[in-house]
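Enquirer: My questions all concern the structure below.
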Amino acid sequence: MRNSNSFLKFGSRQERRNIWERLAMVFSWREEGSGARQFLLSLLLLTIWETGSGQVHYSVLEEAKHGTFVGRIAQDLGLELAELVPRLFRVASKGHGDLLEVNLQNGILFVNSRIDREELCGRSLECSIHLEVIVDRPLQVFHVEVEVKDINDNAPVFRLKEQRVLIYESRLPDSLFPLEGASDEDVGLNSHLTYKLSSSEYFALDVKTNSEDNTQIGLVLKKSLDREEAPEHNLLLTATDEGKPELTGSVQLLVTVLDVNDNAPTFEQTEYEVRIFENSGNGTTVIRLNASDRDEGVNGEISYSLNSLVPTTVRDQFRIDPNTGEIVTKGNLDFEKLNLYKIRVDATDKGHPPMAGHCTVLLKVLDKNDNIPQIALTSLSLPIREDAQSGTVIALISVSDLDIGANGQVTCSLTPHVPFKLVSTFKNYYSLVLDSALDRESVSNYELVVTARDGGSPPLSATASLSVEVADVNDNAPAFAQPEYTVFVKENNPPGCHIFTVSARDADAQENARVSYSLVERRVGERALSSYVSVHAESGKVYALQPLDHEELELLQFQVSARDAGVPPLGSNVTLQVFVLDENDNAPALLPRPGAGGGGGALSELVSRSVGAGHVVAKVRAVDADSGYNAWLSFELQPAAGGARSPFRVALYTGEISTTRPLDEADPPRQRLLVLVKDHGEPALTATATVLLSLVESGQAPKASSRVLAGAAGAETALVDVNVYLIVAICAVSSLLVLTLLLYTALRCSAPPREGACGPGKPTLVCSSAVGSWSYSQQRRQRVCSGEGAPKTDLMAFSPSHPPSLVVGDMSEQQDLNDEHCAKLFKV
C-alpha cells in the first residue's frame with residue numbers, strides 16, 4: 001500500500017533537514033548560470049517529491065520459511081522492473097539487513113532468513129522492521145515498514161522445575177499459599193495463560209487477574225492437613241496459553257507438611273489472686289508462675305511475658321522474668337491510689353509457630369506484713385536406724401509469727417520429696433516423722449528444708465535446714481562377683497603357694513561390711529580339705545599347703561565362705577574348682593614278660609637261626625604313671641658296641657623286636673640288645689631295657705618257638721578287631737577334641753557336691769601302638785576330688801606327631817600286637 005502526503009508534510013524531521021541542506025547547496029552555486037540553477041532546482045524538487053511521497057507497509061508472520069512472499073515492493077514504489085538494476089536498487093535496514101531481501105528480477109520482497117519476533121522486539125506489542133529502499137539516477141529514498149506478526153511458537157515456561165511449598169499442619173482451610181506462575185514470550189492471546197491443578201482432596205487452585213492483566217495464582221487449602229498421616233503431597237500445575245494450537249507447560253509442586261506446635265502451655269490455674277502490702281520495695285516478688293507444656297524440646301521451652309492488652313499503669317508497676325515466670329514490682333505500690341491490679345500473663349513456647357497459654361493475676365494491695373515466722377527445732381532423735389518403723393518421730397518443730405490474723409497464721413511444709421513428712425500435733429506445733437522405709441545403701445543422709453509460711457499477701461516465710469543421718473544395720477550379706485571360679489595349678493607346686501584370691505563385697509558400712517573368709521570344711525577322700533588348701537581370713541588369698549600330685553588328685557572342688565562382722569553375721573559361699581595340671585615327673589617303668597613273675601631283670605629269649613626277616617623275637621613292655629603326652633612312650637634300639645650292625649630292630653611305639661634280615665652262621669650266638677624307652681614330656685624321661693637273645697639251631701628250640709608262635713597267633717587274632725576299634729576311636733576322639741573338653745568341664749561343674757566320693761582310681765596301663773597310646777593311672781590315686789559322684793576313670797587318646805613314613809613302615813608291626821594288657825583295656 002502506498003501513502004501520498006503533501007510536500008510540506010513529507011518525511012521525518014531528519015529527512016526535511018537533509019532536503020533543506022540540499023537546497024542551500026544549490027543556491028550557493030554562484031559560478032553557474034541561472035539556467036543551470038533552474039535545472040538543478042527542478043531535479044531536487046522532483047527528488048523531494050518522490051522522497052516525501054510516503055511509506056509502504058507490509059506484514060509477515062514470524063518464523064516464516066525462507067523465500068516467503070512479503071510484497072511487490074518495486075511495483076508498490078512505482079519503479080519499473082527494468083530499471084532496478086541500472087538504478088542500483090538496494091535495501092538497507094539497520095541491524096536487520098539479512099532478514100528480508102528483494103528479488104531484482106521480479107521486484108518481490110521475500111523472507112531471507114529466520115525472523116524471531118521475541119528476539120527482535122521482546123514483549124513489545126508492536127514489532128516491525130524498517131527498510132530504506134535507495135535507487136540512483138536520480139537518487140530516491142523510500143521507507144518501508146514490515147510488521148512482524150506473532151505466532152504461538154512459545155510454550156508457557158515455569159522458572160523452576162519444582163516448586164516447594166512448606167505448610168504447617170495447623171493452617172486452617174481456605175488458607176492461600178502463593179505460587180510462581182509461568183511466563184510466555186509470545187504476545188496477545190498467545191501469551192494469555194490458564195492454569196489447572198491435578199486432582200487433590202486437600203488443595204485447590206486460586207487464580208486472580210487484576211486490571212493490568214497481571215495473573216496471581218496460589219494454592220487454597222480445602223481441608224486440614226495431618227503431617228503424621230501424609231507428610232508430603234505431590235501436585236502437578238499445568239499452564240496452557242490461548243494460541244492456536246494450544247501449548248502447555250507444567251511444574252511439579254512438592255507440598256511439605258511441617259510439624260506444628262500443637263500443645264499450648266497451660267497454667268495450673270486460669271486466674272491467680274495475690275495480695276501484697278503497700279510500700280513494698282522495688283523488686284519485691286509478687287508471684288512465681290509456673291506453666292507446663294506437654295511438648296518436648298524447643299516446643300516445650302516456655303517464655304513468660306505480659307499480655308499486649310495490659311495497660312500502661314500495670315506495665316509501669318510490674319515486670320515478669322521471661323525464664324522463671326516471676327512477677328516482681330518495679331516501683332512502690334500505693335493502696336490509696338490503686339488497690340487492684342489485673343495482670344494478664346502469656347506463657348509462650350518456642351515452637352514454630354509459637355503457641356501461648358494465658359492466665360490472669362489479680363493483685364490486691366493490702367497493708368504491709370512485716371513479721372517473718374520463726375522456726376524452732378527441738379528433741380532431735382538422730383541418727384535414725386535404717387530399719388526404723390514408719391511413723392517414728394525424728395524431731396519436734398514449733399513455729400511462731402508476731403503478726404495477727406491471717407498474717408499470723410503459719411503453715412509448715414517440707415522439701416524436697418523425701419521419705420519423711422510433717423504431722424501437725426497442735427497449733428503451730430509439728431512432728432517430723434518417718435513416712436516410708438529407709439535404705440542406707442541407697443541414701444545415707446537427707447538434707448531437709450522446713451519452710452514456715454504465714455498467711456500474708458505476699459506471704460512471708462522462713463526456712464530451717466535439718467540433716468538426717470541414716471544409721472546402718474546389717475541387712476546385706478557379702479556377695480561374690482560370680483558363684484564359681486575355675487583355677488589351674490601345676491602339680492609339684494611348692495608348699496604354701498598362692499593359687500587364687502577370692503573377694504566378696506558387702507554393701508553395709510563399718511563392722512557390718514568387714515568381711516572374713518574361711519574354708520567350708522569337708523573330707524577329700526580320707527583326708528580333710530584343710531590339709532590341702534587354706535584361705536587367709538582377711539585378704540581371701542587361697543594357698544596350697546602341700547605339693548599337689550596330678551596322679552593322685554586331678555580336680556579339687558571346695559567352697560569358701562565369706563562372713564561379715566555384723567550382728568547377726570551374714571554370709572555367702574563361692575565354689576572353687578582347682579584343676580591340677582600334669583607335669584612329666586614319672587619316668588617310664590619296665591614291665592616283666594607275661595608269666596615271668598616279678599620284673600626288673602634282663603629279658604631273655606631263644607631265637608632260631610632259621611627265622612626270616614621281620615620275625616618278632618621279643619617285646620619290651622613299659623608304662624608311664626603320667627598322662628597325656630607325658631605318658632606317650634617310644635622305643636629306640638641303642639647301637640651295638642664297636643659300631644657293629646645289628647640284625648635286629650625295635651618298633652618305635654610297640655616295643656616289638658624283630659629281625660631285619662635272615663640270620664646266618666656269622667651272627668654271634670648271644671646278642672645283647674639295649675632298648676631305650678622314652679616318654680614325650682618336657683624334659684623327656686627315659687628307662688633302659690636289656691634284652692638277651694640266644695641264637696640256636698632250629699631243632700634246639702621247637703618248644704620255645706611253638707610256644708611263642710602260639711601265644712603270638714592267639715594275641716594277633718584277638719587284637720585284629722581291637723586295632724580296628726582302636727583306630728576308629730582315636731579318629732573320633734581327635735576330631736571331637738574341643739567338644740569333649742567342653743562336655744567334660746560342663747559335667748564337672750554341674751554335678752552337686754557330695755562328701756566321701758573321692759576314692760582311689762584303677763591301676764594304670766599303657767598300651768602303645770603305631771598310632772597312639774592309651775593310658776590309665778598305674779598307681780592308686782584320687783581321680784576327681786570334688787566330693788561328688790562315684791570314682792571315675794578317664795580314658796584319654798593321643799595322636800602321635802611322627803612323620804607319615806613312620807606310620808606306614810610300622811603297620812606290619814602293629815598287626816603283631818600281642819600285649820595281654822591291651823586286651824584288659826577294653827574289659828575295664
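To be explicit about the labels: the chains of the C-alpha cells are called A, B, and onward in the order shown, and within each one the residues are counted from 1, while ligands get numbers from 1 in the order they are shown.
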Would you list the contacts of A:Val60 as a ChimeraX atom specification, taking every protein, DNA or RNA residue within 9 Å and counting only C-alpha atoms, but skipping same-chain residues closer than 2 positions in sequence?
Expert: /A:58,62,64,68-70,111,146-149
Enquirer: Create the file for the chosen residues now, containing all heavy atoms and written as a compact mmCIF listing (two decimals), in the first residue's frame.
Expert:
# COMPACT_ATOMS: atom_id res chain seq x y z
N TYR A 58 4.00 -3.47 5.02
CA TYR A 58 3.76 -4.89 4.78
C TYR A 58 3.65 -5.59 6.14
O TYR A 58 4.04 -5.04 7.18
CB TYR A 58 4.89 -5.53 3.98
CG TYR A 58 5.08 -4.96 2.60
CD1 TYR A 58 6.18 -4.17 2.31
CD2 TYR A 58 4.17 -5.24 1.58
CE1 TYR A 58 6.38 -3.64 1.05
CE2 TYR A 58 4.37 -4.71 0.31
CZ TYR A 58 5.46 -3.91 0.05
OH TYR A 58 5.64 -3.39 -1.18
N GLU A 62 6.08 -14.25 11.93
CA GLU A 62 7.39 -14.70 12.38
C GLU A 62 7.57 -16.19 12.08
O GLU A 62 6.61 -16.92 11.87
CB GLU A 62 7.58 -14.45 13.88
CG GLU A 62 6.65 -15.26 14.76
CD GLU A 62 7.03 -15.18 16.23
OE1 GLU A 62 8.21 -15.01 16.53
OE2 GLU A 62 6.10 -15.31 17.08
N ALA A 64 8.51 -17.41 9.45
CA ALA A 64 8.18 -17.77 8.06
C ALA A 64 9.40 -18.41 7.42
O ALA A 64 10.55 -18.08 7.73
CB ALA A 64 7.74 -16.53 7.29
N THR A 68 9.53 -16.82 1.67
CA THR A 68 8.12 -16.45 1.83
C THR A 68 7.87 -15.07 1.25
O THR A 68 8.61 -14.12 1.50
CB THR A 68 7.73 -16.50 3.31
OG1 THR A 68 7.96 -17.83 3.80
CG2 THR A 68 6.28 -16.13 3.51
N PHE A 69 6.79 -14.95 0.45
CA PHE A 69 6.42 -13.69 -0.20
C PHE A 69 5.97 -12.68 0.85
O PHE A 69 5.14 -12.98 1.69
CB PHE A 69 5.30 -13.94 -1.21
CG PHE A 69 4.75 -12.69 -1.84
CD1 PHE A 69 5.39 -12.09 -2.92
CD2 PHE A 69 3.59 -12.11 -1.35
CE1 PHE A 69 4.86 -10.94 -3.49
CE2 PHE A 69 3.07 -10.97 -1.92
CZ PHE A 69 3.70 -10.37 -2.99
N VAL A 70 6.53 -11.43 0.72
CA VAL A 70 6.13 -10.34 1.62
C VAL A 70 5.32 -9.28 0.87
O VAL A 70 4.25 -8.85 1.31
CB VAL A 70 7.36 -9.72 2.30
CG1 VAL A 70 6.95 -8.55 3.19
CG2 VAL A 70 8.12 -10.76 3.07
N VAL A 111 11.26 -13.27 2.45
CA VAL A 111 11.97 -13.59 3.70
C VAL A 111 13.28 -14.28 3.35
O VAL A 111 13.28 -15.31 2.63
CB VAL A 111 11.13 -14.48 4.62
CG1 VAL A 111 11.94 -14.87 5.86
CG2 VAL A 111 9.84 -13.79 5.02
N VAL A 146 7.78 -3.17 7.62
CA VAL A 146 7.30 -4.56 7.56
C VAL A 146 6.93 -4.99 8.98
O VAL A 146 7.81 -5.10 9.86
CB VAL A 146 8.36 -5.51 6.97
CG1 VAL A 146 7.82 -6.94 6.93
CG2 VAL A 146 8.77 -5.05 5.58
N GLU A 147 5.67 -5.18 9.23
CA GLU A 147 5.18 -5.58 10.56
C GLU A 147 5.37 -7.09 10.72
O GLU A 147 4.95 -7.87 9.87
CB GLU A 147 3.72 -5.21 10.73
CG GLU A 147 3.18 -5.60 12.10
CD GLU A 147 1.69 -5.35 12.23
OE1 GLU A 147 1.08 -4.87 11.26
OE2 GLU A 147 1.14 -5.66 13.30
N VAL A 148 6.01 -7.49 11.85
CA VAL A 148 6.21 -8.92 12.17
C VAL A 148 5.11 -9.34 13.12
O VAL A 148 5.01 -8.83 14.24
CB VAL A 148 7.59 -9.16 12.80
CG1 VAL A 148 7.77 -10.65 13.10
CG2 VAL A 148 8.70 -8.67 11.89
N LYS A 149 4.26 -10.23 12.66
CA LYS A 149 3.12 -10.68 13.47
C LYS A 149 3.50 -11.93 14.25
O LYS A 149 4.25 -12.79 13.78
CB LYS A 149 1.93 -10.96 12.56
CG LYS A 149 1.37 -9.70 11.92
CD LYS A 149 0.08 -9.99 11.19
CE LYS A 149 -0.55 -8.71 10.62
NZ LYS A 149 -1.83 -8.98 9.93
Enquirer: Among stretch 288-472 of chain A, which residues does DSSP mark as strand (DSSP E or B) when it is run on the backbone? Keep the chain and numbering as in the structure and answer as a ChimeraX atom specification.
Expert: /A:288,291-292,302-306,318-320,326-329,340-349,356-366,374-378,384-385,393-400,410-415,420-426,429-434,445-454,461-471
Enquirer: Of the candidates A:Pro138, A:Pro459, A:Pro156, A:Gly107, which one gets nearest to A:Asp184 if we count only C-alpha atoms?
Expert: A:Pro156
Enquirer: Can you work out which one of A:Arg672, A:Arg440, A:Arg288, A:Arg621 has the shortest atom-to-atom distance to A:Pro639, counting only C-alpha atoms?
Expert: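 Selected residue with least distance to A:Pro639: A:Arg672.
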Enquirer: If you count only C-alpha atoms, which residues fall within 10 Å of A:Asn103, apart from same-chain ones fewer than 3 positions away, as a PyMOL selection string?
Expert: chain A and resi 67+72-74+84+106-110
Enquirer: Please provide as a ChimeraX atom specification all residues within 8 Å of A:Ser531, with the sequence filter that same-chain residues fewer than 3 positions apart are discarded (counting only C-alpha atoms).
Expert: /A:527-528,534,545-546
Enquirer: Any chance you can output those residues with N, CA, C and O atoms as an mmCIF file, in the first residue's frame?
Expert:
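Result file is part39.cif:
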data_model
loop_
_atom_site.group_PDB
_atom_site.id
_atom_site.type_symbol
_atom_site.label_atom_id
_atom_site.label_comp_id
_atom_site.auth_asym_id
_atom_site.auth_seq_id
_atom_site.Cartn_x
_atom_site.Cartn_y
_atom_site.Cartn_z
ATOM 1 N N ARG A 527 41.216 -87.696 103.666
ATOM 2 C CA ARG A 527 41.883 -86.581 104.334
ATOM 3 C C ARG A 527 40.946 -85.380 104.387
ATOM 4 O O ARG A 527 39.996 -85.259 103.610
ATOM 5 N N ALA A 528 41.258 -84.470 105.301
ATOM 6 C CA ALA A 528 40.462 -83.253 105.438
ATOM 7 C C ALA A 528 40.871 -82.252 104.357
ATOM 8 O O ALA A 528 42.021 -82.236 103.897
ATOM 9 N N SER A 534 44.304 -73.699 102.256
ATOM 10 C CA SER A 534 43.870 -72.801 103.321
ATOM 11 C C SER A 534 43.549 -71.462 102.701
ATOM 12 O O SER A 534 43.981 -71.160 101.579
ATOM 13 N N LEU A 545 48.678 -75.960 100.656
ATOM 14 C CA LEU A 545 49.529 -76.253 101.808
ATOM 15 C C LEU A 545 50.589 -77.303 101.498
ATOM 16 O O LEU A 545 51.567 -77.414 102.241
ATOM 17 N N GLN A 546 50.398 -78.091 100.482
ATOM 18 C CA GLN A 546 51.362 -79.139 100.160
ATOM 19 C C GLN A 546 51.428 -79.280 98.638
ATOM 20 O O GLN A 546 50.539 -78.825 97.925
#
Enquirer: Set the distance at 10 Å and use only C-alpha atoms: which residues neighbour stretch 346-360 of chain A once local chain neighbours fewer than 5 positions away are removed? I'd like the list as a PyMOL selection string.
Expert: chain A and resi 168+170+258-273+289-293+295-308+322-323+325
Enquirer: Please produce a file of the residues just selected, as a short mmCIF file (atom, residue, chain, number, x, y, z; two decimals), in the first residue's frame, where the atoms kept are N, CA, C and O atoms.
Expert:
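Everything below was put into selection_11.cif:
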data_model
loop_
_atom_site.label_atom_id
_atom_site.label_comp_id
_atom_site.auth_asym_id
_atom_site.auth_seq_id
_atom_site.Cartn_x
_atom_site.Cartn_y
_atom_site.Cartn_z
N TYR A 168 2.43 -25.56 57.42
CA TYR A 168 2.25 -26.14 58.74
C TYR A 168 0.91 -26.86 58.80
O TYR A 168 -0.10 -26.40 58.24
N SER A 170 -1.11 -26.95 61.02
CA SER A 170 -2.14 -26.23 61.78
C SER A 170 -2.87 -25.18 60.95
O SER A 170 -3.80 -24.54 61.44
N LEU A 258 4.69 -29.34 57.53
CA LEU A 258 5.58 -29.16 58.67
C LEU A 258 4.85 -29.47 59.97
O LEU A 258 3.66 -29.16 60.11
N ASP A 259 5.59 -30.08 60.86
CA ASP A 259 5.03 -30.37 62.17
C ASP A 259 4.81 -29.06 62.93
O ASP A 259 5.60 -28.12 62.83
N VAL A 260 3.75 -29.02 63.67
CA VAL A 260 3.40 -27.80 64.38
C VAL A 260 3.44 -28.04 65.88
O VAL A 260 3.39 -29.16 66.36
N ASN A 261 3.54 -26.97 66.53
CA ASN A 261 3.49 -26.98 67.98
C ASN A 261 2.03 -26.96 68.39
O ASN A 261 1.40 -25.91 68.49
N ASP A 262 1.48 -28.15 68.59
CA ASP A 262 0.03 -28.25 68.77
C ASP A 262 -0.39 -28.38 70.23
O ASP A 262 -1.52 -28.75 70.51
N ASN A 263 0.49 -28.08 71.17
CA ASN A 263 0.13 -28.05 72.58
C ASN A 263 0.59 -26.72 73.16
O ASN A 263 1.78 -26.42 73.20
N ALA A 264 -0.38 -25.94 73.58
CA ALA A 264 -0.07 -24.65 74.18
C ALA A 264 0.29 -24.82 75.65
O ALA A 264 -0.19 -25.75 76.31
N PRO A 265 1.17 -23.98 76.17
CA PRO A 265 1.46 -24.03 77.61
C PRO A 265 0.19 -23.78 78.42
O PRO A 265 -0.70 -23.02 78.03
N THR A 266 0.12 -24.44 79.55
CA THR A 266 -1.04 -24.29 80.44
C THR A 266 -0.56 -23.98 81.85
O THR A 266 0.45 -24.50 82.30
N PHE A 267 -1.30 -23.11 82.51
CA PHE A 267 -1.04 -22.79 83.91
C PHE A 267 -1.85 -23.72 84.79
O PHE A 267 -2.84 -24.33 84.35
N GLU A 268 -1.41 -23.81 86.03
CA GLU A 268 -2.17 -24.63 86.98
C GLU A 268 -3.55 -24.03 87.22
O GLU A 268 -4.50 -24.75 87.52
N GLN A 269 -3.65 -22.73 87.11
CA GLN A 269 -4.92 -22.04 87.28
C GLN A 269 -5.07 -21.02 86.16
O GLN A 269 -4.08 -20.52 85.63
N THR A 270 -6.29 -20.72 85.83
CA THR A 270 -6.53 -19.67 84.85
C THR A 270 -6.51 -18.30 85.50
O THR A 270 -6.30 -17.30 84.79
N GLU A 271 -6.68 -18.27 86.78
CA GLU A 271 -6.67 -16.98 87.48
C GLU A 271 -6.03 -17.16 88.85
O GLU A 271 -6.35 -18.10 89.58
N TYR A 272 -5.12 -16.25 89.16
CA TYR A 272 -4.44 -16.25 90.44
C TYR A 272 -4.82 -14.96 91.18
O TYR A 272 -4.87 -13.88 90.58
N GLU A 273 -5.05 -15.12 92.44
CA GLU A 273 -5.36 -13.94 93.27
C GLU A 273 -4.22 -13.75 94.26
O GLU A 273 -3.89 -14.65 95.04
N LEU A 289 4.93 -17.69 88.69
CA LEU A 289 4.01 -18.51 87.90
C LEU A 289 4.76 -19.71 87.32
O LEU A 289 5.96 -19.63 87.02
N ASN A 290 4.05 -20.76 87.16
CA ASN A 290 4.64 -21.98 86.61
C ASN A 290 3.67 -22.57 85.60
O ASN A 290 2.59 -23.03 85.97
N ALA A 291 4.04 -22.51 84.34
CA ALA A 291 3.24 -23.11 83.27
C ALA A 291 3.96 -24.36 82.76
O ALA A 291 5.18 -24.45 82.80
N SER A 292 3.19 -25.29 82.31
CA SER A 292 3.75 -26.54 81.78
C SER A 292 3.29 -26.73 80.35
O SER A 292 2.21 -26.27 79.96
N ASP A 293 4.14 -27.39 79.57
CA ASP A 293 3.85 -27.66 78.16
C ASP A 293 4.11 -29.13 77.91
O ASP A 293 5.18 -29.65 78.22
N ASP A 295 4.56 -30.55 75.19
CA ASP A 295 5.50 -30.78 74.10
C ASP A 295 6.90 -30.98 74.65
O ASP A 295 7.16 -30.74 75.85
N GLU A 296 7.80 -31.38 73.75
CA GLU A 296 9.17 -31.63 74.15
C GLU A 296 10.10 -30.73 73.36
O GLU A 296 9.73 -30.12 72.37
N GLY A 297 11.36 -30.66 73.84
CA GLY A 297 12.36 -29.90 73.13
C GLY A 297 12.03 -28.42 73.11
O GLY A 297 11.57 -27.82 74.09
N VAL A 298 12.29 -27.80 71.96
CA VAL A 298 12.04 -26.36 71.83
C VAL A 298 10.57 -26.05 72.00
O VAL A 298 10.21 -25.00 72.55
N ASN A 299 9.71 -26.94 71.54
CA ASN A 299 8.27 -26.69 71.67
C ASN A 299 7.82 -26.68 73.12
O ASN A 299 6.71 -26.21 73.42
N GLY A 300 8.64 -27.22 74.02
CA GLY A 300 8.27 -27.24 75.43
C GLY A 300 8.96 -26.17 76.26
O GLY A 300 8.72 -26.07 77.46
N GLU A 301 9.87 -25.39 75.64
CA GLU A 301 10.53 -24.31 76.36
C GLU A 301 9.61 -23.10 76.41
O GLU A 301 9.09 -22.66 75.38
N ILE A 302 9.42 -22.57 77.60
CA ILE A 302 8.39 -21.54 77.83
C ILE A 302 9.05 -20.22 78.15
O ILE A 302 10.04 -20.15 78.90
N SER A 303 8.48 -19.17 77.59
CA SER A 303 8.89 -17.79 77.90
C SER A 303 7.66 -17.04 78.39
O SER A 303 6.58 -17.14 77.79
N TYR A 304 7.83 -16.31 79.49
CA TYR A 304 6.72 -15.59 80.10
C TYR A 304 6.78 -14.11 79.70
O TYR A 304 7.88 -13.52 79.59
N SER A 305 5.61 -13.52 79.50
CA SER A 305 5.54 -12.10 79.15
C SER A 305 4.18 -11.56 79.55
O SER A 305 3.21 -12.33 79.74
N LEU A 306 4.12 -10.24 79.67
CA LEU A 306 2.84 -9.59 79.94
C LEU A 306 2.07 -9.48 78.63
O LEU A 306 2.64 -9.21 77.57
N ASN A 307 0.77 -9.66 78.71
CA ASN A 307 -0.07 -9.61 77.53
C ASN A 307 -0.07 -8.21 76.93
O ASN A 307 0.11 -7.21 77.63
N SER A 308 -0.22 -8.15 75.61
CA SER A 308 -0.19 -6.86 74.92
C SER A 308 -1.36 -5.95 75.33
O SER A 308 -1.30 -4.74 75.13
N PRO A 322 11.14 -13.51 82.04
CA PRO A 322 10.71 -14.37 80.92
C PRO A 322 11.09 -15.83 81.11
O PRO A 322 10.50 -16.70 80.48
N ASN A 323 12.07 -16.12 81.96
CA ASN A 323 12.52 -17.51 82.13
C ASN A 323 11.86 -18.21 83.30
O ASN A 323 11.51 -19.39 83.21
N GLY A 325 9.10 -16.87 85.16
CA GLY A 325 7.70 -16.53 85.38
C GLY A 325 7.46 -15.78 86.67
O GLY A 325 6.33 -15.72 87.16
#
Enquirer: Find the residues near A:Asn428: any atom within 12 Å, counting only C-alpha atoms, skip ones fewer than 3 places away on the same chain, and give them as a list in words.
Expert: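 Residues meeting the cut-off are Pro373, Gln374, Ile375, Ala376, Leu396, Ile397, Ser398, Val399, Ser400, Asp401, Gly408, Gln409, Val410, Thr411, Cys412, Ser413, Leu422, Val423, Ser424, Thr425, Ser431, Ala452, Arg453 and Asp454 of chain A.
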Enquirer: List the neighbours of A:His680 out to 9 Å using only C-alpha atoms; skip same-chain residues closer than 2 positions along the sequence, and give me the result as a VMD selection string.
Expert: chain A and resid 584 628 to 634 678 682 to 685
Enquirer: Go ahead and write the residues just picked, all heavy atoms, as a tab-separated table (two decimals), in the first residue's frame.
Expert:
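Saved file selection_13.tsv follows:
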chain	number	residue	atom	x	y	z
A	584	ASN	N	55.69	-83.77	83.72
A	584	ASN	CA	56.41	-85.00	83.42
A	584	ASN	C	57.36	-85.32	84.59
A	584	ASN	O	58.55	-85.04	84.53
A	584	ASN	CB	57.19	-84.85	82.10
A	584	ASN	CG	57.70	-86.19	81.62
A	584	ASN	OD1	57.15	-87.24	81.96
A	584	ASN	ND2	58.76	-86.16	80.83
A	628	GLY	N	48.60	-88.12	79.25
A	628	GLY	CA	48.76	-87.30	78.06
A	628	GLY	C	50.07	-87.62	77.35
A	628	GLY	O	50.53	-88.75	77.29
A	629	TYR	N	50.68	-86.56	76.80
A	629	TYR	CA	51.93	-86.74	76.08
A	629	TYR	C	53.05	-87.16	77.03
A	629	TYR	O	54.04	-87.74	76.59
A	629	TYR	CB	52.31	-85.43	75.38
A	629	TYR	CG	51.61	-85.26	74.06
A	629	TYR	CD1	50.38	-84.61	74.00
A	629	TYR	CD2	52.16	-85.77	72.89
A	629	TYR	CE1	49.73	-84.45	72.79
A	629	TYR	CE2	51.51	-85.61	71.68
A	629	TYR	CZ	50.29	-84.95	71.63
A	629	TYR	OH	49.65	-84.81	70.43
A	630	ASN	N	52.91	-86.86	78.28
A	630	ASN	CA	53.93	-87.28	79.24
A	630	ASN	C	53.95	-88.80	79.40
A	630	ASN	O	54.93	-89.35	79.92
A	630	ASN	CB	53.68	-86.62	80.59
A	630	ASN	CG	53.84	-85.11	80.53
A	630	ASN	OD1	54.59	-84.61	79.70
A	630	ASN	ND2	53.13	-84.39	81.39
A	631	ALA	N	52.88	-89.48	79.02
A	631	ALA	CA	52.80	-90.94	79.15
A	631	ALA	C	52.90	-91.65	77.81
A	631	ALA	O	52.74	-92.86	77.73
A	631	ALA	CB	51.49	-91.33	79.84
A	632	TRP	N	53.14	-90.89	76.76
A	632	TRP	CA	53.24	-91.49	75.42
A	632	TRP	C	54.69	-91.96	75.23
A	632	TRP	O	55.61	-91.15	75.25
A	632	TRP	CB	52.84	-90.44	74.39
A	632	TRP	CG	52.79	-90.95	72.99
A	632	TRP	CD1	52.69	-92.23	72.57
A	632	TRP	CD2	52.87	-90.14	71.82
A	632	TRP	NE1	52.69	-92.31	71.23
A	632	TRP	CE2	52.79	-91.03	70.71
A	632	TRP	CE3	53.00	-88.78	71.57
A	632	TRP	CZ2	52.84	-90.59	69.41
A	632	TRP	CZ3	53.03	-88.33	70.27
A	632	TRP	CH2	52.95	-89.23	69.20
A	633	LEU	N	54.88	-93.26	75.05
A	633	LEU	CA	56.22	-93.86	75.06
A	633	LEU	C	56.67	-94.20	73.65
A	633	LEU	O	55.86	-94.55	72.78
A	633	LEU	CB	56.22	-95.14	75.92
A	633	LEU	CG	55.77	-94.96	77.38
A	633	LEU	CD1	55.84	-96.29	78.10
A	633	LEU	CD2	56.61	-93.90	78.07
A	634	SER	N	57.97	-94.10	73.46
A	634	SER	CA	58.59	-94.55	72.21
A	634	SER	C	59.83	-95.39	72.57
A	634	SER	O	60.42	-95.23	73.65
A	634	SER	CB	58.99	-93.34	71.34
A	634	SER	OG	59.93	-92.53	72.02
A	678	LYS	N	61.48	-93.99	76.07
A	678	LYS	CA	61.45	-92.54	76.33
A	678	LYS	C	60.02	-92.03	76.20
A	678	LYS	O	59.29	-92.42	75.28
A	678	LYS	CB	62.37	-91.83	75.33
A	678	LYS	CG	62.42	-90.31	75.53
A	678	LYS	CD	63.48	-89.67	74.65
A	678	LYS	CE	63.15	-89.88	73.18
A	678	LYS	NZ	64.11	-89.16	72.30
A	682	GLU	N	58.35	-82.82	78.69
A	682	GLU	CA	59.40	-81.79	78.62
A	682	GLU	C	59.91	-81.53	80.03
A	682	GLU	O	59.18	-80.95	80.86
A	682	GLU	CB	58.82	-80.50	78.02
A	682	GLU	CG	58.49	-80.60	76.55
A	682	GLU	CD	59.72	-80.75	75.70
A	682	GLU	OE1	60.82	-80.39	76.18
A	682	GLU	OE2	59.60	-81.23	74.55
A	683	PRO	N	61.14	-81.94	80.39
A	683	PRO	CA	62.05	-82.72	79.53
A	683	PRO	C	61.65	-84.19	79.52
A	683	PRO	O	60.94	-84.67	80.40
A	683	PRO	CB	63.39	-82.52	80.22
A	683	PRO	CG	63.04	-82.33	81.66
A	683	PRO	CD	61.74	-81.58	81.69
A	684	ALA	N	62.10	-84.91	78.50
A	684	ALA	CA	61.74	-86.32	78.36
A	684	ALA	C	62.49	-87.17	79.40
A	684	ALA	O	63.65	-86.93	79.70
A	684	ALA	CB	62.07	-86.81	76.95
A	685	LEU	N	61.79	-88.17	79.96
A	685	LEU	CA	62.38	-89.11	80.91
A	685	LEU	C	62.53	-90.48	80.23
A	685	LEU	O	61.70	-90.84	79.38
A	685	LEU	CB	61.52	-89.23	82.17
A	685	LEU	CG	61.29	-87.92	82.95
A	685	LEU	CD1	60.41	-88.15	84.15
A	685	LEU	CD2	62.63	-87.30	83.37
Enquirer: Given only C-alpha atoms as the basis, pick out the residue of A:Leu402, A:Arg123, A:Phe500, A:Ala230 nearest to A:Gly188.
Expert: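 Among the listed residues, A:Arg123 lies closest to A:Gly188.
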Enquirer: Separation of atom CA of A:Pro495 and atom CA of A:Arg522, in Å?
Expert: 20.6 Å
Enquirer: Which value, in Å to one decimal, gives the distance between atom CA of A:Ile372 and atom CA of A:Glu278?
Expert: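 Here the two named atoms are 16.7 Å from each other.
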Enquirer: One decimal, in Å: what's the spacing between atom CA of A:Asn279 and atom CA of A:Thr313?
Expert: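 Here the two named atoms are 16.7 Å from each other.
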Enquirer: Counting only C-alpha atoms, which of A:Val328, A:Val533, A:Leu139, A:Val165 gets nearest to A:Leu253?
Expert: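 Counting only C-alpha atoms, the residue closest to A:Leu253 is A:Val165.
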